[in-house]
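Text of the file run_26.txt, holding compact mmCIF, C-alpha atoms:
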# COMPACT_ATOMS: atom_id res chain seq x y z
CA MET U 241 186.98 191.13 55.24
CA ARG U 242 183.41 190.63 56.44
CA THR U 243 184.40 187.50 58.31
CA THR U 244 187.22 189.36 60.07
CA SER U 245 184.90 192.24 60.99
CA ALA U 246 182.26 189.83 62.27
CA LEU U 247 184.86 187.95 64.34
CA LEU U 248 186.20 191.20 65.79
CA LEU U 249 182.69 192.32 66.68
CA LEU U 250 181.93 188.96 68.31
CA LEU U 251 185.21 189.02 70.23
CA SER U 252 184.51 192.57 71.39
CA MET U 253 181.05 191.56 72.61
CA LEU U 254 182.44 188.55 74.47
CA LEU U 255 185.16 190.60 76.14
CA SER U 256 182.57 193.19 77.14
CA ARG U 257 180.43 190.49 78.77
CA VAL U 258 183.42 189.08 80.61
CA ALA U 259 184.32 192.56 81.91
CA MET U 260 180.72 193.16 83.03
CA ALA U 261 180.65 189.78 84.83
CA GLN U 262 183.95 190.60 86.55
CA ASP U 263 182.59 194.00 87.64
CA ARG U 264 179.44 192.33 89.01
CA ASN U 265 181.49 189.72 90.87
CA SER U 266 183.81 192.31 92.40
CA ALA U 267 180.84 194.50 93.46
CA GLU U 268 179.16 191.45 95.00
CA GLU U 269 182.30 190.49 96.92
CA LEU U 270 182.90 194.04 98.16
CA VAL U 271 179.30 194.50 99.27
CA ARG U 272 179.26 191.04 100.89
CA SER U 273 182.18 192.23 103.04
CA LEU U 274 180.47 195.56 103.82
CA ASP U 275 177.26 193.72 104.73
CA ASP U 276 179.19 191.67 107.28
CA GLN U 277 180.80 194.86 108.64
CA GLU U 278 177.30 196.31 109.01
CA ARG U 279 176.12 193.18 110.88
CA ILE U 280 179.05 193.41 113.29
CA ALA U 281 178.50 197.16 113.77
CA ALA U 282 174.83 196.51 114.62
CA LEU U 283 175.85 193.75 117.05
CA LYS U 284 178.34 196.09 118.76
CA ARG U 285 175.95 199.07 118.49
CA ASP U 286 178.83 200.93 116.85
CA VAL U 287 177.10 204.16 115.82
CA SER U 288 180.11 205.63 114.00
CA ALA U 289 180.49 202.49 111.83
CA LEU U 290 176.75 202.42 111.12
CA GLU U 291 176.84 206.11 110.14
CA ARG U 292 179.66 205.32 107.71
CA LEU U 293 177.91 202.26 106.21
CA TRP U 294 174.34 203.58 105.98
CA SER U 295 173.09 205.97 103.32
CA ALA U 296 171.68 209.31 104.48
CA GLN U 297 168.39 208.11 102.91
CA PHE U 298 168.56 204.69 104.63
CA THR U 299 165.04 203.29 104.89
CA VAL U 300 164.03 200.36 107.09
CA ASN U 301 160.87 198.29 106.97
CA ALA U 302 161.34 196.68 110.37
CA PRO U 303 159.96 193.50 111.96
CA ASN U 304 157.80 195.68 114.26
CA ASN U 305 155.78 196.80 111.21
CA GLN U 306 157.36 200.24 111.25
CA VAL U 307 158.90 202.02 108.28
CA VAL U 308 161.62 204.45 109.31
CA VAL U 309 163.25 206.81 106.79
CA GLY U 310 166.65 208.46 107.16
CA LYS U 311 169.88 207.36 108.81
CA SER U 312 169.39 209.59 111.87
CA ALA U 313 165.82 208.40 112.41
CA VAL U 314 166.88 204.74 112.14
CA LEU U 315 169.71 205.30 114.62
CA ASP U 316 167.33 207.02 117.07
CA THR U 317 164.45 204.55 116.65
CA PHE U 318 166.41 201.31 116.80
CA VAL U 319 169.98 201.74 118.03
CA ARG U 320 169.79 204.57 120.55
CA ALA U 321 166.38 203.37 121.81
CA GLY U 322 167.88 199.95 122.58
CA VAL U 323 165.81 197.88 120.15
CA ILE U 324 169.04 196.79 118.45
CA ASN U 325 170.80 195.30 121.46
CA PHE U 326 171.86 191.73 120.73
CA SER U 327 174.20 189.20 122.32
CA THR U 328 174.42 187.36 118.99
CA PHE U 329 173.65 188.35 115.42
CA GLU U 330 174.25 185.89 112.60
CA ARG U 331 173.42 186.41 108.95
CA GLN U 332 173.32 183.77 106.20
CA ILE U 333 173.34 185.17 102.68
CA GLU U 334 171.26 183.01 100.37
CA PHE U 335 171.14 185.35 97.34
CA ILE U 336 173.22 188.23 96.10
CA ARG U 337 172.99 190.14 92.83
CA ALA U 338 174.76 193.23 91.55
CA ASP U 339 172.78 195.31 89.08
CA GLY U 340 174.34 198.64 88.15
CA ALA U 341 174.38 200.96 91.15
CA PHE U 342 172.61 198.40 93.38
CA VAL U 343 173.51 195.14 95.09
CA ILE U 344 170.64 193.12 96.56
CA ILE U 345 171.25 190.64 99.37
CA MET U 346 168.64 188.24 100.75
CA GLY U 347 168.80 185.56 103.39
CA LEU U 348 168.22 184.45 106.95
CA GLU U 349 169.42 186.08 110.15
CA THR U 350 169.21 185.07 113.78
CA VAL U 351 169.46 187.53 116.64
CA GLN U 352 169.35 187.04 120.39
CA PRO U 353 168.26 190.17 122.28
CA ILE U 354 170.03 191.19 125.46
CA SER U 355 167.05 193.17 126.70
CA ASP U 356 163.32 193.16 126.13
CA ALA U 357 161.95 195.42 123.42
CA PRO U 358 158.19 194.82 123.61
CA SER U 359 157.40 197.20 120.73
CA ALA U 360 159.54 195.02 118.46
CA GLY U 361 158.41 191.70 119.98
CA LEU U 362 161.90 190.99 121.34
CA VAL U 363 162.34 189.04 124.56
CA ALA U 364 165.73 188.97 126.28
CA GLY U 365 167.56 185.69 125.64
CA GLN U 366 165.02 184.38 123.12
CA PRO U 367 166.57 183.79 119.69
CA ILE U 368 164.61 185.29 116.80
CA LYS U 369 164.89 184.10 113.21
CA ARG U 370 163.97 186.47 110.45
CA ARG U 371 164.12 186.82 106.68
CA PHE U 372 165.92 189.90 105.41
CA THR U 373 166.62 191.89 102.29
CA ASN U 374 169.40 194.48 102.24
CA ILE U 375 169.77 196.80 99.27
CA TRP U 376 173.13 198.51 98.87
CA LYS U 377 173.62 201.50 96.58
CA ASN U 378 176.80 202.90 95.08
CA GLU U 379 176.74 206.58 96.05
CA ALA U 380 179.51 208.48 94.25
CA GLY U 381 181.88 205.50 94.41
CA THR U 382 181.02 204.38 97.95
CA TRP U 383 178.68 201.47 98.68
CA ARG U 384 176.12 202.24 101.40
CA LEU U 385 173.18 200.32 102.80
CA PHE U 386 170.22 202.09 101.20
CA ALA U 387 167.16 200.04 102.19
CA ARG U 388 166.40 197.10 104.44
CA HIS U 389 163.44 194.87 105.16
CA ALA U 390 163.29 192.19 107.82
CA ASN U 391 160.42 190.08 109.07
CA VAL U 392 160.25 187.58 111.91
CA ILE U 393 159.67 183.96 110.98
CA ALA U 394 156.74 182.80 113.09
CA SER U 395 157.53 179.85 115.34
CA ARG U 396 155.26 176.86 114.87
For this file, write the structure as structure tokens.
Amino acid sequence: MRTTSALLLLLSMLLSRVAMAQDRNSAEELVRSLDDQERIAALKRDVSALERLWSAQFTVNAPNNQVVVGKSAVLDTFVRAGVINFSTFERQIEFIRADGAFVIIMGLETVQPISDAPSAGLVAGQPIKRRFTNIWKNEAGTWRLFARHANVIASR
């Protein structure tokens, strides 16, 4: 009887771990797709898509050493002001982890500005490589980009 109970407990624990791993994997895959949608929306300066993908509390620690809090403020400071205005925007995910209500993505991105944005150190036509971290949060069943940090990789 004890052996059967112990086996059932062990089996239950294993199945629980498998279910948790499957949930993590599906969250990672979904957010990976949303992260690419966000990249494309930024490239196209698609404000309605960015509003849908970004949390109301979206916070950015930007390459120009500025921290901007709130979706509206980020849209005004970077998108509507023309700082985010790229001919190309590529993102390589090097790390992704789901942990409860959060998915963390880290990697390398390369942008090529269409216009100069001196306050952000962007020069039209000059490709910029930067390290990034995007943190997505599940808000009432919908994944939204909650926080972002990017920094320019200094050329040598």
request  = Could you please give me, as a ChimeraX atom specification, the residues of protein, DNA or RNA lying at most 12 Å from (165.6, 192.3, 120.1) in the coordinate frame of the file, considering all atoms listed in the file?
outcome  = /U:282-283,302-304,318-319,321-329,350-370,392
So for stretch 320-335 of chain U, what box centre and size do we get, axis-aligned, 8 Å extra on each of the six sides, every listed atom, Å to one decimal, as lines of an AutoDock Vina configuration file?
center_x = 170.1
center_y = 193.8
center_z = 110.0
size_x = 24.6
size_y = 37.6
size_z = 41.2
Per residue of stretch 258-355 of chain U within 7 Å of stretch 375-383 of chain U, note the shortest atom pair and the distance in Å to one decimal, counting all atoms listed in the file, and order the rows by chain and increasing residue number, as CSV.
residue,atom,partner,partner_atom,distance
U:Ala341,CA,U:Asn378,CA,5.0
U:Phe342,CA,U:Lys377,CA,4.6
U:Val343,CA,U:Trp376,CA,5.1
U:Ile344,CA,U:Ile375,CA,4.7
U:Ile345,CA,U:Ile375,CA,6.3
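Between atom CA of U:Phe386 and atom CA of U:Glu334 there is a distance of 19.1 Å.
What separates atom CA of U:Lys311 from atom CA of U:Val271 is a distance of 18.6 Å.
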ask   = At what distance in Å, to one decimal, does atom CA of U:Glu291 lie from atom CA of U:Glu268?
value = 21.2 Å
task = Select, from U:Ala267, U:Ala296, U:Val287, U:Val309, the residue with the minimum atom-to-atom distance to U:Ala338, counting all atoms listed in the file.
result = U:Ala267
request  = Kindly indicate which residue among U:Thr317, U:Thr243, U:Asn301, U:Asn374 lies nearest to U:Asp275, using all atoms listed in the file for the distances.
outcome  =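 Ranking U:Thr317, U:Thr243, U:Asn301, U:Asn374 by distance to U:Asp275, first place goes to U:Asn374.
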query = U:His389, U:Ser395, U:Leu270, U:Arg320: which is nearest U:Asn305, counting all atoms listed in the file?
reply =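 Answer, going by the shortest atom-to-atom distance: U:His389.
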Neighbour list for U:Phe298 as a PDB file with C-alpha atoms, in the frame of the given file, cut-off 9 Å, only C-alpha atoms, skip fewer than 5 positions in-chain:
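Final output, saved to around17.pdb:
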ATOM      1  CA  VAL U 308     161.620 204.450 109.310  1.00  0.00           C
ATOM      2  CA  VAL U 309     163.250 206.810 106.790  1.00  0.00           C
ATOM      3  CA  GLY U 310     166.650 208.460 107.160  1.00  0.00           C
ATOM      4  CA  LYS U 311     169.880 207.360 108.810  1.00  0.00           C
ATOM      5  CA  SER U 312     169.390 209.590 111.870  1.00  0.00           C
ATOM      6  CA  VAL U 314     166.880 204.740 112.140  1.00  0.00           C
ATOM      7  CA  ARG U 384     176.120 202.240 101.400  1.00  0.00           C
ATOM      8  CA  LEU U 385     173.180 200.320 102.800  1.00  0.00           C
ATOM      9  CA  PHE U 386     170.220 202.090 101.200  1.00  0.00           C
ATOM     10  CA  ALA U 387     167.160 200.040 102.190  1.00  0.00           C
ATOM     11  CA  ARG U 388     166.400 197.100 104.440  1.00  0.00           C
TER      12      ARG U 388
END
key: Of the listed residues U:Leu293, U:Ile333, U:Ala394, U:Leu248, that which approaches U:Ile280 most closely, counting only C-alpha atoms   = U:Leu293
task = Between U:Arg272, U:Arg285, U:Arg279, U:Arg292, single out the one closest to U:Phe335, counting only C-alpha atoms.
result =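 Checking each candidate against U:Phe335, we get U:Arg272 as the closest.
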